[in-house]
Structures are given as structure tokens and as C-alpha cells.
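Peer 1: Input: one structure, supplied below.
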Amino acid sequence: MEVDQMQRQCLDYTKSLFLEGFLDGQFVQLQQLQDENNHDFVVEVVSLFFEDSERLLNDLTFALDQKSIDFKKVDAHVHQLKGSSSSIGAQRVKNCCIEFRNFCEEQNIDACLSCLQQVKQEYCHVKNKLETLIRLEQQIVAAGGSIPTMEF
Amino acid sequence: MESQNNNQNLTIQLTALVVDDNKVNRKIHQKMLDNVRVKNLGVKNGKEAVDIHCDGRRFDLILMDLDMPIMNGIEATKELRSMGISSMIVGVSSRCTEAEIQKFMEAGLNDYHEKPLNIAKLSSILHMINPNY
């Protein structure tokens with residue numbers, strides 16, 4: 001495949017992630033931070049987000065599995081996840097976290113468990129999407145092209 | 001901090017401390033600062049921010065998160081002000097209630113911005129420190 005074809009494919013894929021609500025403008029901010037001093041900045045931040053999120057989701061699963069649930073602790077974990085998902089532009093994950101925090105405040109166990117499942121699902125979706133996007137970008141770079149960025 | 005270039009013109013380099021327990025946020029804010037040539041360090045809670053000042057370090061700008069373990073942003077800001085630290089301290093948090101923002105401001109902030117920071121917000125903060133920046 002020609003480089004410009006790959007770039008168009010990558011741009012179309014990125015656009016679809018915005019249209020479907022997986023990503024928001026904060027992701028474009030992240031792409032704009034990448035420069036010749038750090039070619040892999042977006043990959044590094046996204047990898048950090050994956051690492052952080054998986055740890056937090058494990059902590060949340062453990063916290064909500066206790067006989068006596070510490071909702072302050074649950075809320076603290078959700079707050080962290082909301083923070084990092086918001087910072088990288090993972091909109092759907094962030095929105096799930098907002099709802100989750102409301103139920104933590106109400107100390108509604110069933111609703112929290114449902115939110116946990118939802119946030120895990122949304123995290124899996126965005127992880128797959130971002131991994132695909134990164135693969136497409138790496139193919140472009142390997143073929144000698146530059147990564148196209150969206151105007152937002 | 002000042003450095004002298006080959007043309008004998010003095011150029012001001014600003015310094016910043018990023019105080020945030022979230023690694024992703026710290027990395028992003030530090031990269032934003034790198035990109036505008038602000039020399040910066042990151043610490044993961046308010047206590048580390050206070051300790052670094054006790055060691056004698058000073059910064060033009062402190063980006064202070066609110067919710068952090070060990071010492072939160074309100075406690076750290078109060079402590080830094082009581083130590084006589086006159087740096088610009090900007091609160092950065094995803095907390096949205098007016099009461100929480102007010103409490104944070106009353107601790108001694110110069111300004112507050114909702115997370116996530118973006119390039120435009122950071123530029124306005126740096127401009128407040130040095131209009132020529």
C-alpha cells in the first residue's frame with residue numbers, strides 16, 4: 001500500500017474514533033505535543049494509560065469484592081481512572097467514571113458493580129482501538145511517511 | 001533562572017514543578033512544559049513538593065493537583081505559603097464544585113484551572129508570570 005493511502009486510512013480510522021465517541025479533543029492535544037525531541041510521546045502516554053488503568057481496574061474489582069466495601073477507596077480509584085482517561089481523551093471511559101462516582105457517593109453497591117463492568121468494557125474497546133491506531137501509525141512511519149493529525 | 005546566548009542577550013528561562021499523583025497527567029503536563037522550554041520537575045504528592053522546597057529548590061511556577069495521597073494540594077499550598085514561598089501556584093484539578101475550588105484558592109493559589117490542562121491554558125499561565133514569555 002502506498003504511503004498516502006496508508007495516511008488516508010489512518011486519518012479515516014482516527015475520525016471514526018472521534019465520531020463514535022471513543023476519543024475527544026484531548027487526544028489531538030496529545031498528538032500536537034509529539035515532536036522531533038520525542039517521536040514516541042503518544043505511544044508512551046497511551047502505554048502508561050493502559051498500565052495505570054489495568055492496575056486501577058484490578059484494585060476496583062478487589063475493593064468491590066470485599067464484605068464491607070470502603071466506598072471512599074472505590075471513589076479514589078475511580079477518580080484516578082477518570083483523571084487519566086480524561087487527560088488522554090478516552091471520552092467513553094471518562095463518562096463511565098463520572099457515572100460511577102455518582103453511585104459511589106450514593107453507596108449503591110449494585111450500581112457500582114454494574115459501572116465496573118461498563119468501565120471495563122469501555123476500557124477494552126478503547127484499548128483495542130488505540131492499539132490499532134498505533135499499529136497504523138507505525139506502518140506509516142516504517143514506510144517513510146509522517147503521521148497525519150486531525151484538525152479539531 | 002537566566003542564561004546568556006551567543007548574542008549576549010539575556011533570556012529568561014522559567015522553571016516549574018508539577019505536583020500530581022497521576023503518572024499520565026504528570027507526563028503530559030511535563031511534556032507541555034518541555035515544549036515551551038520551561039525547565040521542570042515532577043513529584044507525586046504534596047509532601048514531596050514541600051520537601052523539595054525544604055531542600056532549597058525554588059520554581060517560578062507550581063502546578064498543584066488537589067487530590068493526592070499523603071499530603072493533598074490544599075495542605076501543600078498552605079504549607080508552602082507558610083514557608084514564604086512566593087512562586088505562582090496554580091491549582092489544577094478535575095474537581096468542579098465551587099466550594100472545593102474556593103477552598104483550594106483560599107489555601108493560597110494564584111489561579112485555578114480545570115483539568116486537563118491544554119496548551120492554551122498553559123500559555124496564559126506562563127504569560128501571567130512573564131508577559132514576554
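If you're wondering about the labels, chains in the C-alpha cells are A, B, ... by order shown, residues count from 1 in each chain, ligands from 1 in order shown.
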If we count only C-alpha atoms, what is near stretch 36-38 of chain A at a cut-off of 12 Å, once residues fewer than 5 positions away on the same chain are taken out, given as a list in words?
Peer 2: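 Counting only C-alpha atoms, the residues come to Gln31, Val43, Glu44, Val45 and Ser146 of chain A; Lys31, Met32, Asp34, Asn35 and Arg37 of chain B.
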Peer 1: Identify, on the basis of only C-alpha atoms, every residue whose closest approach to B:Ser93 does not exceed 9 Å; exclude the query and any residue fewer than 4 positions from it along the same chain; express the result as a list in words.
Peer 2: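 The contact residues come out as Gly83 of chain A; Met64, Asp65, Leu66, Asp67, Ile101, Tyr112, His113, Glu114, Lys115 and Pro116 of chain B.
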Peer 1: Create the file for the chosen residues now, containing N, CA and C atoms and written as a CSV table (one decimal), in the first residue's frame.
Peer 2:
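After the write, out_34.csv holds the following:
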```csv
chain,number,residue,atom,x,y,z
A,83,GLY,N,-9.4,10.7,35.9
A,83,GLY,CA,-8.3,11.7,35.6
A,83,GLY,C,-7.4,11.3,34.4
B,64,MET,N,-0.3,22.5,40.8
B,64,MET,CA,-0.6,21.7,42.0
B,64,MET,C,-2.0,21.0,41.8
B,65,ASP,N,-1.9,19.7,41.9
B,65,ASP,CA,-3.1,18.9,41.8
B,65,ASP,C,-3.8,19.0,43.2
B,66,LEU,N,-5.1,18.6,43.3
B,66,LEU,CA,-5.8,18.7,44.5
B,66,LEU,C,-5.8,17.4,45.3
B,67,ASP,N,-6.3,16.4,44.7
B,67,ASP,CA,-6.4,15.1,45.4
B,67,ASP,C,-5.2,14.3,45.2
B,101,ILE,N,-13.3,24.5,44.8
B,101,ILE,CA,-12.4,25.4,44.2
B,101,ILE,C,-12.1,26.6,45.1
B,112,TYR,N,-6.6,29.0,39.3
B,112,TYR,CA,-7.0,27.6,39.2
B,112,TYR,C,-7.5,27.3,37.8
B,113,HIS,N,-7.2,26.1,37.4
B,113,HIS,CA,-7.7,25.6,36.1
B,113,HIS,C,-8.2,24.2,36.2
B,114,GLU,N,-9.3,24.0,35.5
B,114,GLU,CA,-9.8,22.6,35.5
B,114,GLU,C,-9.0,21.7,34.6
B,115,LYS,N,-8.7,20.5,35.1
B,115,LYS,CA,-8.0,19.5,34.2
B,115,LYS,C,-8.9,19.0,33.1
B,116,PRO,N,-8.4,18.6,32.0
B,116,PRO,CA,-7.0,18.6,31.7
B,116,PRO,C,-6.5,20.0,31.2
```
Peer 1: Select, as number ranges by chain, those residues of chain A with any atom no more than 12 Å from chain B (distances computed using only C-alpha atoms).
Peer 2: A: 24-38, 40-53, 56, 73, 75-77, 79-89, 94, 98, 101
Peer 1: With only C-alpha atoms as the atoms that count, which of A:Ile140, A:Arg92, A:Leu113, A:Glu20 lies nearest to A:Met1?
Peer 2: A:Ile140
Peer 1: Among chain A, which ones does DSSP assign to alpha helix (DSSP H) (computed from the backbone)? Answer as a PyMOL selection string.
Peer 2: chain A and resi 3-19+25-33+41-63+71-88+91-106+109-142
Peer 1: What parts of chain A does DSSP call strand (DSSP E or B)? I'd like the answer as a list in words.
Peer 2: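 Answer for chain A restricted to strand (DSSP E or B) is Leu23, Asp35, Asn38 and Ala90 of chain A.
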Peer 1: Would you mind reading off the distance between atom CA of A:Ala142 and atom CA of A:Tyr123, one decimal, in Å?
Peer 2: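 A separation of 28.1 Å between them.
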Peer 1: Enter the distance from atom CA of A:Glu122 to atom CA of A:Arg55, in Å, rounded to one decimal.
Peer 2: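 Value for the atom CA of A:Glu122-atom CA of A:Arg55 distance: 15.5 Å.
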Peer 1: Using only C-alpha atoms, which protein or nucleic acid residues come within 8 Å of B:Gly108? Drop anything in the same chain fewer than 4 positions from it, and give the result as a PDB file with all heavy atoms, in the first residue's frame.
Peer 2:
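Result file follows (out.pdb):
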```
ATOM      1  N   THR B  77      -0.232  23.579  49.559  1.00  0.00           N
ATOM      2  CA  THR B  77      -0.229  25.004  49.226  1.00  0.00           C
ATOM      3  C   THR B  77      -0.111  25.844  50.502  1.00  0.00           C
ATOM      4  O   THR B  77       0.692  26.786  50.569  1.00  0.00           O
ATOM      5  CB  THR B  77      -1.506  25.387  48.447  1.00  0.00           C
ATOM      6  OG1 THR B  77      -1.590  24.576  47.281  1.00  0.00           O
ATOM      7  CG2 THR B  77      -1.497  26.848  48.041  1.00  0.00           C
ATOM      8  N   LYS B  78      -0.896  25.489  51.521  1.00  0.00           N
ATOM      9  CA  LYS B  78      -0.832  26.216  52.816  1.00  0.00           C
ATOM     10  C   LYS B  78       0.577  26.141  53.388  1.00  0.00           C
ATOM     11  O   LYS B  78       1.114  27.144  53.871  1.00  0.00           O
ATOM     12  CB  LYS B  78      -1.816  25.613  53.819  1.00  0.00           C
ATOM     13  CG  LYS B  78      -3.266  26.000  53.603  1.00  0.00           C
ATOM     14  CD  LYS B  78      -4.148  25.400  54.681  1.00  0.00           C
ATOM     15  CE  LYS B  78      -5.599  25.785  54.456  1.00  0.00           C
ATOM     16  NZ  LYS B  78      -6.513  25.026  55.343  1.00  0.00           N
ATOM     17  N   ARG B  81       3.078  28.308  51.390  1.00  0.00           N
ATOM     18  CA  ARG B  81       2.872  29.742  51.675  1.00  0.00           C
ATOM     19  C   ARG B  81       3.378  30.092  53.072  1.00  0.00           C
ATOM     20  O   ARG B  81       3.978  31.152  53.265  1.00  0.00           O
ATOM     21  CB  ARG B  81       1.397  30.131  51.532  1.00  0.00           C
ATOM     22  CG  ARG B  81       0.859  30.084  50.098  1.00  0.00           C
ATOM     23  CD  ARG B  81       1.641  30.905  49.134  1.00  0.00           C
ATOM     24  NE  ARG B  81       0.968  31.033  47.855  1.00  0.00           N
ATOM     25  CZ  ARG B  81       1.598  31.236  46.694  1.00  0.00           C
ATOM     26  NH1 ARG B  81       2.906  31.323  46.660  1.00  0.00           N
ATOM     27  NH2 ARG B  81       0.911  31.355  45.582  1.00  0.00           N
ATOM     28  N   ILE B  89       1.452  29.614  42.225  1.00  0.00           N
ATOM     29  CA  ILE B  89       0.913  28.269  42.431  1.00  0.00           C
ATOM     30  C   ILE B  89      -0.452  28.213  41.744  1.00  0.00           C
ATOM     31  O   ILE B  89      -1.354  28.997  42.067  1.00  0.00           O
ATOM     32  CB  ILE B  89       0.763  27.889  43.916  1.00  0.00           C
ATOM     33  CG1 ILE B  89       2.088  28.058  44.664  1.00  0.00           C
ATOM     34  CG2 ILE B  89       0.292  26.433  44.039  1.00  0.00           C
ATOM     35  CD1 ILE B  89       2.031  27.727  46.161  1.00  0.00           C
ATOM     36  N   PHE B 104      -9.657  25.597  47.781  1.00  0.00           N
ATOM     37  CA  PHE B 104      -8.325  25.453  47.206  1.00  0.00           C
ATOM     38  C   PHE B 104      -7.706  26.846  47.004  1.00  0.00           C
ATOM     39  O   PHE B 104      -6.549  27.085  47.351  1.00  0.00           O
ATOM     40  CB  PHE B 104      -8.448  24.692  45.876  1.00  0.00           C
ATOM     41  CG  PHE B 104      -7.201  23.982  45.414  1.00  0.00           C
ATOM     42  CD1 PHE B 104      -6.015  23.999  46.135  1.00  0.00           C
ATOM     43  CD2 PHE B 104      -7.209  23.273  44.216  1.00  0.00           C
ATOM     44  CE1 PHE B 104      -4.875  23.339  45.694  1.00  0.00           C
ATOM     45  CE2 PHE B 104      -6.081  22.597  43.763  1.00  0.00           C
ATOM     46  CZ  PHE B 104      -4.917  22.639  44.495  1.00  0.00           C
TER      47      PHE B 104
END
```
Peer 1: What's around B:Leu126 at 10 Å? Count only C-alpha atoms, leave out sequence neighbours fewer than 3 positions away in its own chain, and write the answer as a ChimeraX atom specification.
Peer 2: /B:14,33,36,38,60-61,88,121-123,129-133
Peer 1: Rounded to one decimal place, report the atom CA of B:Gly73-atom CA of A:Leu60 distance in Å.
Peer 2: 24.1 Å
